[in-house]
>>> print(open('upload.cif').read())   # mmCIF, C-alpha atoms
data_structure
#
loop_
_atom_site.label_atom_id
_atom_site.label_comp_id
_atom_site.auth_asym_id
_atom_site.auth_seq_id
_atom_site.Cartn_x
_atom_site.Cartn_y
_atom_site.Cartn_z
CA MET A 905 19.86 39.98 21.69
CA THR A 906 21.89 39.45 24.83
CA LEU A 907 18.81 37.88 26.39
CA CYS A 908 18.64 35.45 23.50
CA LEU A 909 22.30 34.61 23.93
CA ALA A 910 21.89 34.10 27.62
CA LEU A 911 18.92 31.81 27.17
CA LEU A 912 20.71 29.95 24.47
CA GLY A 913 23.65 29.56 26.78
CA ALA A 914 21.31 27.99 29.29
CA ALA A 915 19.86 25.75 26.61
CA PHE A 916 23.27 24.50 25.65
CA ALA A 917 24.63 24.36 29.18
CA GLN A 918 24.98 20.58 28.93
CA ASP A 919 26.92 20.78 25.72
CA PRO A 920 30.41 22.08 26.48
CA VAL A 921 31.43 22.26 22.83
CA VAL A 922 28.81 24.79 21.84
CA ASP A 923 29.35 27.14 24.72
CA PRO A 924 32.29 29.22 23.52
CA GLY A 925 33.99 30.28 26.70
CA GLY A 926 30.92 31.73 28.38
CA THR A 927 30.05 30.79 31.90
CA THR A 928 26.56 29.58 32.58
CA VAL A 929 25.04 29.21 35.99
CA GLN A 930 22.28 26.63 36.18
CA GLY A 931 18.93 28.22 36.99
CA GLU A 932 20.22 31.72 36.54
CA PRO A 933 21.33 32.34 32.97
CA ALA A 934 24.50 34.34 32.84
CA LEU A 935 24.98 37.06 30.28
CA ILE A 936 27.50 35.88 27.78
CA GLU A 937 29.33 38.29 25.58
CA VAL A 938 30.87 36.44 22.70
CA ALA A 939 33.12 38.40 20.39
CA GLY A 940 32.16 38.02 16.76
CA GLU A 941 29.17 35.87 17.62
CA ALA A 942 25.96 37.68 16.79
CA ASP A 943 22.22 37.16 17.11
CA ASN A 944 21.49 33.47 16.68
CA SER A 945 18.24 34.14 14.87
CA ALA A 946 20.12 36.27 12.33
CA GLY A 947 20.45 33.61 9.68
CA VAL A 948 16.75 32.66 9.87
CA GLY A 949 15.40 35.82 8.28
CA PHE A 950 12.26 36.15 10.43
CA PRO A 951 11.60 36.59 14.18
CA PRO A 952 10.35 33.78 16.42
CA ASP A 953 6.60 33.43 16.99
CA GLY A 954 6.76 32.62 20.66
CA PRO A 955 8.81 33.17 23.79
CA PRO A 956 12.13 31.35 24.25
CA VAL A 957 11.95 27.75 25.45
CA THR A 958 14.32 26.66 28.19
CA ASP A 959 12.65 23.52 29.52
CA GLU A 960 15.01 20.65 28.74
CA ALA A 961 12.29 18.03 28.19
CA THR A 962 10.34 20.27 25.81
CA LEU A 963 13.49 21.17 23.89
CA GLU A 964 14.46 17.54 23.52
CA ALA A 965 10.98 16.31 22.58
CA ARG A 966 10.35 19.01 19.99
CA THR A 967 13.82 18.71 18.49
CA TYR A 968 13.35 14.95 18.16
CA ALA A 969 9.88 15.22 16.64
CA LEU A 970 11.01 17.86 14.13
CA SER A 971 14.21 16.11 13.12
CA LYS A 972 12.35 12.81 12.75
CA GLY A 973 10.39 14.36 9.89
CA MET A 974 13.44 15.74 8.11
CA ARG A 975 15.66 14.00 5.62
CA CYS A 976 19.39 14.02 6.18
CA PRO A 977 21.05 15.72 3.18
CA VAL A 978 24.09 13.42 3.11
CA CYS A 979 22.61 10.07 4.06
CA GLN A 980 19.30 10.63 2.21
CA GLY A 981 17.54 7.44 3.31
CA LEU A 982 17.63 8.42 6.98
CA SER A 983 15.88 11.07 8.98
CA VAL A 984 17.95 13.76 10.64
CA ALA A 985 17.02 12.26 14.01
CA ASP A 986 18.27 8.80 13.07
CA SER A 987 21.49 9.85 11.37
CA GLY A 988 24.83 10.33 13.04
CA ALA A 989 26.32 12.15 10.07
CA GLU A 990 27.96 15.45 10.87
CA ALA A 991 25.52 17.41 8.72
CA ALA A 992 22.55 15.74 10.44
CA VAL A 993 24.02 16.44 13.87
CA ALA A 994 24.45 20.07 12.88
CA MET A 995 20.84 20.24 11.63
CA LYS A 996 19.65 18.74 14.88
CA ALA A 997 21.66 21.32 16.83
CA ARG A 998 20.22 24.12 14.69
CA THR A 999 16.69 22.78 15.21
CA ARG A 1000 17.24 22.70 18.94
CA GLU A 1001 18.64 26.20 18.83
CA LEU A 1002 15.60 27.50 16.95
CA VAL A 1003 13.19 25.73 19.32
CA GLY A 1004 15.05 27.37 22.18
CA LEU A 1005 14.76 30.80 20.55
CA GLY A 1006 10.98 30.44 20.48
CA TYR A 1007 10.36 29.48 16.86
CA SER A 1008 7.22 27.41 16.35
CA ASP A 1009 7.34 23.98 14.71
CA ALA A 1010 5.79 25.40 11.54
CA GLN A 1011 8.38 28.19 11.47
CA ILE A 1012 11.23 25.72 11.84
CA VAL A 1013 9.86 23.55 9.04
CA ASP A 1014 9.55 26.72 6.92
CA TYR A 1015 13.16 27.58 7.71
CA PHE A 1016 14.45 24.21 6.51
CA VAL A 1017 12.11 24.01 3.51
CA GLY A 1018 13.24 27.52 2.56
CA ARG A 1019 16.81 26.23 2.38
CA TYR A 1020 16.57 22.66 1.16
CA GLY A 1021 13.14 22.70 -0.52
CA THR A 1022 10.36 20.24 0.29
CA TRP A 1023 13.03 17.65 -0.50
CA VAL A 1024 14.03 17.91 3.16
CA LEU A 1025 10.66 16.63 4.36
CA LEU A 1026 10.39 12.86 4.67
CA GLU A 1027 6.65 13.10 4.09
CA PRO A 1028 5.95 15.19 1.02
CA PRO A 1029 3.32 17.89 1.51
CA ALA A 1030 -0.04 17.18 -0.16
CA GLU A 1031 0.09 19.93 -2.76
CA GLY A 1032 0.49 20.25 -6.52
CA VAL A 1033 1.64 17.11 -8.31
CA ASN A 1034 2.15 15.42 -4.93
CA ASN A 1035 -1.63 15.15 -4.64
CA LEU A 1036 -1.35 12.27 -7.09
CA ILE A 1037 0.36 10.22 -4.38
CA PHE A 1038 -2.38 10.88 -1.89
CA LEU A 1039 -5.41 10.88 -4.19
CA GLY A 1040 -4.19 8.35 -6.76
CA PRO A 1041 -4.99 5.23 -4.70
CA LEU A 1042 -8.43 6.63 -3.82
CA ALA A 1043 -9.09 7.34 -7.49
CA LEU A 1044 -8.03 3.81 -8.42
CA VAL A 1045 -10.33 2.28 -5.80
CA ALA A 1046 -13.17 4.46 -7.06
CA LEU A 1047 -12.47 3.41 -10.67
CA GLY A 1048 -12.36 -0.24 -9.69
CA GLY A 1049 -15.62 0.09 -7.80
CA LEU A 1050 -17.22 1.76 -10.80
CA ALA A 1051 -16.06 -1.00 -13.14
CA TRP A 1052 -17.35 -3.64 -10.76
CA TRP A 1053 -20.70 -1.88 -10.38
CA SER A 1054 -21.22 -1.53 -14.09
CA SER A 1055 -20.39 -5.20 -14.68
CA VAL A 1056 -22.79 -6.24 -11.93
CA LYS A 1057 -25.49 -4.08 -13.47
CA ARG A 1058 -24.97 -5.60 -16.92
CA GLY A 1059 -25.60 -9.20 -15.86
CA LYS A 1060 -25.70 -11.46 -12.86
CA ASP A 1061 -22.48 -13.27 -13.76
CA PRO A 1062 -20.60 -11.36 -16.45
CA VAL A 1063 -17.35 -13.23 -15.89
CA ALA A 1064 -18.74 -16.65 -16.87
CA PRO A 1065 -18.12 -17.36 -20.55
CA PRO A 1066 -21.11 -18.06 -22.77
CA ALA A 1067 -20.10 -21.73 -22.64
CA PRO A 1068 -19.52 -22.51 -26.30
CA ALA A 1069 -18.66 -26.15 -25.52
CA THR A 1070 -22.33 -27.10 -25.08
CA LYS A 1071 -23.12 -25.86 -28.55
CA THR A 1072 -20.45 -27.80 -30.33
CA GLU A 1073 -20.84 -30.86 -28.15
CA GLY A 1074 -21.51 -33.81 -30.29
CA ASP A 1075 -21.09 -31.87 -33.55
CA ASP A 1076 -17.39 -32.34 -33.81
CA PRO A 1077 -16.10 -35.91 -34.22
CA TYR A 1078 -12.99 -35.08 -32.26
CA THR A 1079 -14.94 -33.70 -29.29
CA ARG A 1080 -17.24 -36.69 -29.39
CA ARG A 1081 -14.28 -39.01 -29.17
CA VAL A 1082 -12.86 -37.09 -26.22
CA LEU A 1083 -16.20 -37.19 -24.42
CA ASP A 1084 -16.53 -40.91 -25.12
CA GLU A 1085 -13.09 -41.49 -23.67
CA LEU A 1086 -14.01 -39.49 -20.57
CA GLU A 1087 -17.23 -41.37 -19.96
CA ARG A 1088 -15.62 -44.74 -20.24
CA MET B 836 -8.03 -7.83 -31.82
CA ASN B 837 -9.82 -6.70 -28.70
CA TRP B 838 -9.70 -2.92 -28.86
CA LYS B 839 -11.26 -2.53 -25.47
CA VAL B 840 -8.55 -4.54 -23.75
CA LEU B 841 -5.89 -2.76 -25.77
CA GLY B 842 -7.29 0.64 -24.77
CA ALA B 843 -7.50 -0.33 -21.12
CA GLY B 844 -3.94 -1.66 -21.23
CA PHE B 845 -2.76 1.58 -22.76
CA LEU B 846 -4.55 3.59 -20.06
CA VAL B 847 -2.73 1.61 -17.40
CA VAL B 848 0.69 1.56 -19.05
CA ALA B 849 0.88 5.15 -20.32
CA PRO B 850 0.83 6.87 -16.89
CA LEU B 851 3.37 4.35 -15.61
CA VAL B 852 5.70 5.14 -18.48
CA VAL B 853 5.34 8.86 -17.81
CA VAL B 854 6.02 8.43 -14.07
CA LEU B 855 9.02 6.17 -14.62
CA ALA B 856 10.46 8.36 -17.38
CA SER B 857 10.30 11.47 -15.22
CA GLY B 858 11.46 9.61 -12.13
CA PHE B 859 14.49 7.96 -13.69
CA GLY B 860 15.27 10.99 -15.79
CA ARG B 861 16.57 12.99 -12.85
CA ASP B 862 19.28 12.63 -10.25
CA PRO B 863 17.61 11.54 -7.01
CA LYS B 864 20.54 12.90 -5.02
CA ALA B 865 20.23 16.41 -6.44
CA LEU B 866 18.64 18.87 -4.06
CA PRO B 867 16.37 21.56 -5.44
CA ASN B 868 17.99 24.96 -5.68
CA VAL B 869 15.68 27.15 -3.66
CA MET B 870 18.13 29.81 -2.49
CA GLU B 871 18.81 31.62 -5.76
CA GLY B 872 17.22 35.05 -5.86
CA ARG B 873 16.60 35.10 -2.13
CA GLU B 874 18.26 37.33 0.40
CA ALA B 875 21.54 35.84 1.58
CA PRO B 876 21.26 34.77 5.24
CA SER B 877 23.32 37.10 7.37
CA PHE B 878 26.23 35.69 9.29
CA SER B 879 29.00 36.77 11.53
CA LEU B 880 32.05 34.52 11.65
CA THR B 881 35.72 34.82 12.40
CA ASP B 882 38.40 34.01 9.89
CA LEU B 883 41.52 31.92 10.47
CA ASP B 884 43.38 35.04 11.61
CA GLY B 885 40.74 35.79 14.22
CA GLN B 886 39.22 38.71 12.31
CA PRO B 887 35.43 38.98 12.62
CA VAL B 888 33.54 39.14 9.32
CA ARG B 889 29.90 40.16 9.08
CA LEU B 890 27.96 39.81 5.85
CA ALA B 891 25.99 42.97 6.67
CA GLU B 892 29.20 44.99 6.44
CA LEU B 893 29.86 43.71 2.93
CA ARG B 894 26.62 45.15 1.53
CA GLY B 895 27.31 47.15 -1.61
CA LYS B 896 29.84 44.78 -3.11
CA PRO B 897 29.46 41.38 -4.67
CA VAL B 898 30.50 38.52 -2.41
CA VAL B 899 31.68 35.06 -3.39
CA LEU B 900 31.18 32.54 -0.60
CA ASN B 901 32.83 29.17 -1.11
CA PHE B 902 32.04 26.37 1.35
CA TRP B 903 34.87 23.86 1.45
CA ALA B 904 36.71 21.31 3.56
CA SER B 905 40.24 19.95 3.50
CA TRP B 906 38.98 16.35 3.21
CA CYS B 907 36.93 17.14 0.13
CA THR B 908 38.61 16.15 -3.14
CA PRO B 909 36.49 18.29 -5.49
CA CYS B 910 37.35 21.25 -3.24
CA ALA B 911 41.06 20.71 -3.89
CA TYR B 912 40.23 20.39 -7.57
CA GLU B 913 38.37 23.70 -7.75
CA HIS B 914 40.79 25.59 -5.47
CA PRO B 915 43.08 26.92 -8.24
CA GLU B 916 39.99 28.09 -10.15
CA LEU B 917 38.84 30.09 -7.14
CA LEU B 918 42.31 31.58 -6.67
CA ALA B 919 42.34 32.61 -10.33
CA ALA B 920 38.87 34.13 -10.07
CA ALA B 921 39.85 36.00 -6.90
CA GLN B 922 42.97 37.33 -8.58
CA ARG B 923 40.87 38.71 -11.41
CA TRP B 924 37.84 39.99 -9.49
CA ALA B 925 39.11 41.07 -6.06
CA PRO B 926 40.78 44.22 -7.49
CA GLN B 927 37.37 45.10 -8.94
CA GLY B 928 35.73 45.11 -5.54
CA VAL B 929 34.46 41.55 -5.26
CA ALA B 930 34.86 40.09 -1.77
CA PHE B 931 35.93 36.44 -1.75
CA TYR B 932 35.50 34.30 1.33
CA GLY B 933 36.05 30.65 1.97
CA VAL B 934 33.92 29.00 4.63
CA VAL B 935 35.46 25.98 6.31
CA TYR B 936 32.77 23.31 6.63
CA GLY B 937 32.86 20.22 8.82
CA ASP B 938 36.60 20.35 9.32
CA THR B 939 39.21 21.18 11.91
CA GLU B 940 41.09 24.42 12.03
CA GLU B 941 44.51 22.76 11.65
CA ALA B 942 43.43 20.67 8.68
CA ALA B 943 42.03 23.78 7.00
CA ARG B 944 45.26 25.68 7.65
CA GLY B 945 47.30 22.79 6.25
CA PHE B 946 45.17 22.72 3.10
CA LEU B 947 45.68 26.44 2.50
CA LYS B 948 49.40 26.20 3.21
CA ARG B 949 49.80 23.46 0.63
CA ARG B 950 47.51 24.89 -2.00
CA GLY B 951 47.82 28.61 -1.46
CA SER B 952 45.28 31.17 -0.35
CA ALA B 953 44.23 34.53 -1.72
CA TYR B 954 41.30 35.52 0.51
CA PRO B 955 40.11 35.10 4.11
CA ASN B 956 38.66 31.79 5.21
CA LEU B 957 35.92 31.80 7.83
CA LEU B 958 35.38 29.11 10.40
CA ASP B 959 31.93 27.56 10.52
CA LEU B 960 32.89 24.47 12.45
CA ASP B 961 29.40 23.82 13.85
CA GLN B 962 27.97 24.25 10.31
CA ARG B 963 25.36 26.74 11.47
CA VAL B 964 25.96 29.15 8.60
CA ALA B 965 26.13 26.23 6.18
CA ILE B 966 22.62 25.18 7.24
CA ASP B 967 21.39 28.77 6.98
CA TYR B 968 22.55 28.68 3.37
CA GLY B 969 21.15 25.22 2.68
CA VAL B 970 24.52 23.61 2.07
CA ALA B 971 24.07 19.86 1.58
CA GLY B 972 27.70 19.04 0.85
CA VAL B 973 30.94 20.65 -0.19
CA PRO B 974 31.97 22.32 -2.35
CA GLU B 975 29.17 24.82 -2.79
CA THR B 976 29.71 28.36 -3.96
CA TYR B 977 27.32 31.27 -3.54
CA VAL B 978 27.56 34.52 -5.45
CA ILE B 979 25.84 37.34 -3.57
CA ASP B 980 25.05 40.54 -5.43
CA ARG B 981 25.49 44.14 -4.24
CA GLN B 982 21.99 44.17 -2.76
CA GLY B 983 22.72 41.10 -0.65
CA ARG B 984 20.72 38.63 -2.75
CA ILE B 985 22.00 35.24 -3.81
CA ALA B 986 22.56 35.68 -7.53
CA ARG B 987 23.84 32.17 -8.13
CA LYS B 988 24.47 28.95 -6.28
CA PHE B 989 27.00 26.48 -7.62
CA VAL B 990 26.83 22.92 -6.36
CA GLY B 991 30.06 21.01 -6.89
CA PRO B 992 33.36 22.34 -8.21
CA VAL B 993 33.11 25.71 -9.87
CA SER B 994 35.29 27.01 -12.68
CA ALA B 995 36.88 30.45 -12.91
CA LYS B 996 34.98 30.97 -16.14
CA ALA B 997 31.58 30.15 -14.65
CA LEU B 998 32.30 32.51 -11.75
CA SER B 999 33.47 35.23 -14.11
CA ASP B 1000 30.29 34.90 -16.16
CA VAL B 1001 28.16 35.50 -13.08
CA LEU B 1002 30.37 38.25 -11.62
CA GLY B 1003 30.53 40.02 -14.97
CA SER B 1004 26.74 40.19 -15.09
CA LEU B 1005 26.36 41.79 -11.65
#
>>> encode(input="upload.cif", output="structure tokens")
Amino acid sequence: MTLCLALLGAAFAQDPVVDPGGTTVQGEPALIEVAGEADNSAGVGFPPDGPPVTDEATLEARTYALSKGMRCPVCQGLSVADSGAEAAVAMKARTRELVGLGYSDAQIVDYFVGRYGTWVLLEPPAEGVNNLIFLGPLALVALGGLAWWSSVKRGKDPVAPPAPATKTEGDDPYTRRVLDELER
Amino acid sequence: MNWKVLGAGFLVVAPLVVVLASGFGRDPKALPNVMEGREAPSFSLTDLDGQPVRLAELRGKPVVLNFWASWCTPCAYEHPELLAAAQRWAPQGVAFYGVVYGDTEEAARGFLKRRGSAYPNLLDLDQRVAIDYGVAGVPETYVIDRQGRIARKFVGPVSAKALSDVLGSL
């Protein structure tokens, strides 16, 4: 646990607000003892899959990629990455923290989905009723193709009307007058 | 009457009506409640008096966890209800805790001074515990049973009666 804290301290070394009074030495993580502050993975409910991540670039890139796919609970239309709302900033910080602790991307998504439901994902997972969204357009294209195929099979040009005008041409005095006018 | 066209039109319109009816029939801002029945995420916070509080140490008694902020109007509205519920249930072994969410310590203290307090209030200024619980906004109130499971999650202001109904069933 202390190791986790120390590594986390290193991860947050650039953020003076998060480091509560502990001293961190760059390159050599110091052991921070924070009263009342316990294991940072405690609230997650399951242990991390991999080893802790300390590389700044990796932390940043993974945090950004993950938060880009999550929906901010207060601003709704924005992703967590794009929002400056306090809740979104906190979610970003938590994401970064979990990446640092060694949680995999899938685990972090599970963590947030476990709390906010699939609602939190900007791209809904292709499962259950959601399949309609993904398969619906394909089904429509298939249906359209089928309709087109069957109409092609029925006749060369099914759209052309049977041209009733030729039949009545000349029969009706009114039509004859119109045709006469046109030919003049 | 062209029955074929009518049938085709119906086939196109009916699913649309179903989709629109179900889509407009619900509040798009409402988050799904996925935490009820699950184990309450453990936390360890300090209250406004500097006393550490760990959820693990509260196992065995029901816990009411109310996330609030001084800037939140519905929180002020529900505050007397929470005080009343605490007055009734705390003597029966229910632990009440407020969790200060997205606020400053002074503002939280000022709120409690003006409106009264009956139970400890924990500081979660970086909102870590709030995220662990899936809090999307304040107020939200969680009732945790003796086994440490979330028995009920209230989104928005809670009434003393609603709380009593849940606490009475634990």
>>> residues_around(input="upload.cif", residues="region 882-897 of chain B", least_positions_apart="5", cutoff="8 Å", atoms="all atoms listed in the file", output="VMD selection string")
(chain A and resid 940) or (chain B and resid 877 928 to 930 940 944 955 to 958 978 to 983 1002 1005)
>>> resolve_selection(input="upload.cif", expression="the PyMOL selection byres ((chain B and resi 867-873) around 12)", output="MDAnalysis selection string")
(chainID A and resid 949 977 1015:1024) or (chainID B and resid 861:866 874:877 966:971 975:980 982:990)
>>> closest_residue(input="upload.cif", among="A:Val1013, A:Leu1047, A:Val978, A:Leu1002", to="chain B", atoms="only C-alpha atoms")
A:Val978
>>> atom_distance(input="upload.cif", atom1="CA of Val840 (chain B)", atom2="CA of Ala1043 (chain A)")
20.1 Å
>>> resolve_selection(input="upload.cif", expression="the PyMOL selection byres ((chain A and resi 962-973) around 9)", output="PyMOL selection string")
chain A and resi 915+957-961+974-976+982-986+992+995-997+999-1001+1003-1004+1009+1012-1013+1024-1027
>>> atom_distance(input="upload.cif", atom1="CA of Leu998 (chain B)", atom2="CA of Val934 (chain B)")
16.8 Å
>>> atom_distance(input="upload.cif", atom1="CA of Tyr1007 (chain A)", atom2="CA of Leu900 (chain B)")
27.3 Å
>>> closest_residue(input="upload.cif", among="A:Glu1085, A:Asp953, A:Glu990, A:Asp1076", to="chain B", atoms="all atoms listed in the file")
A:Glu990
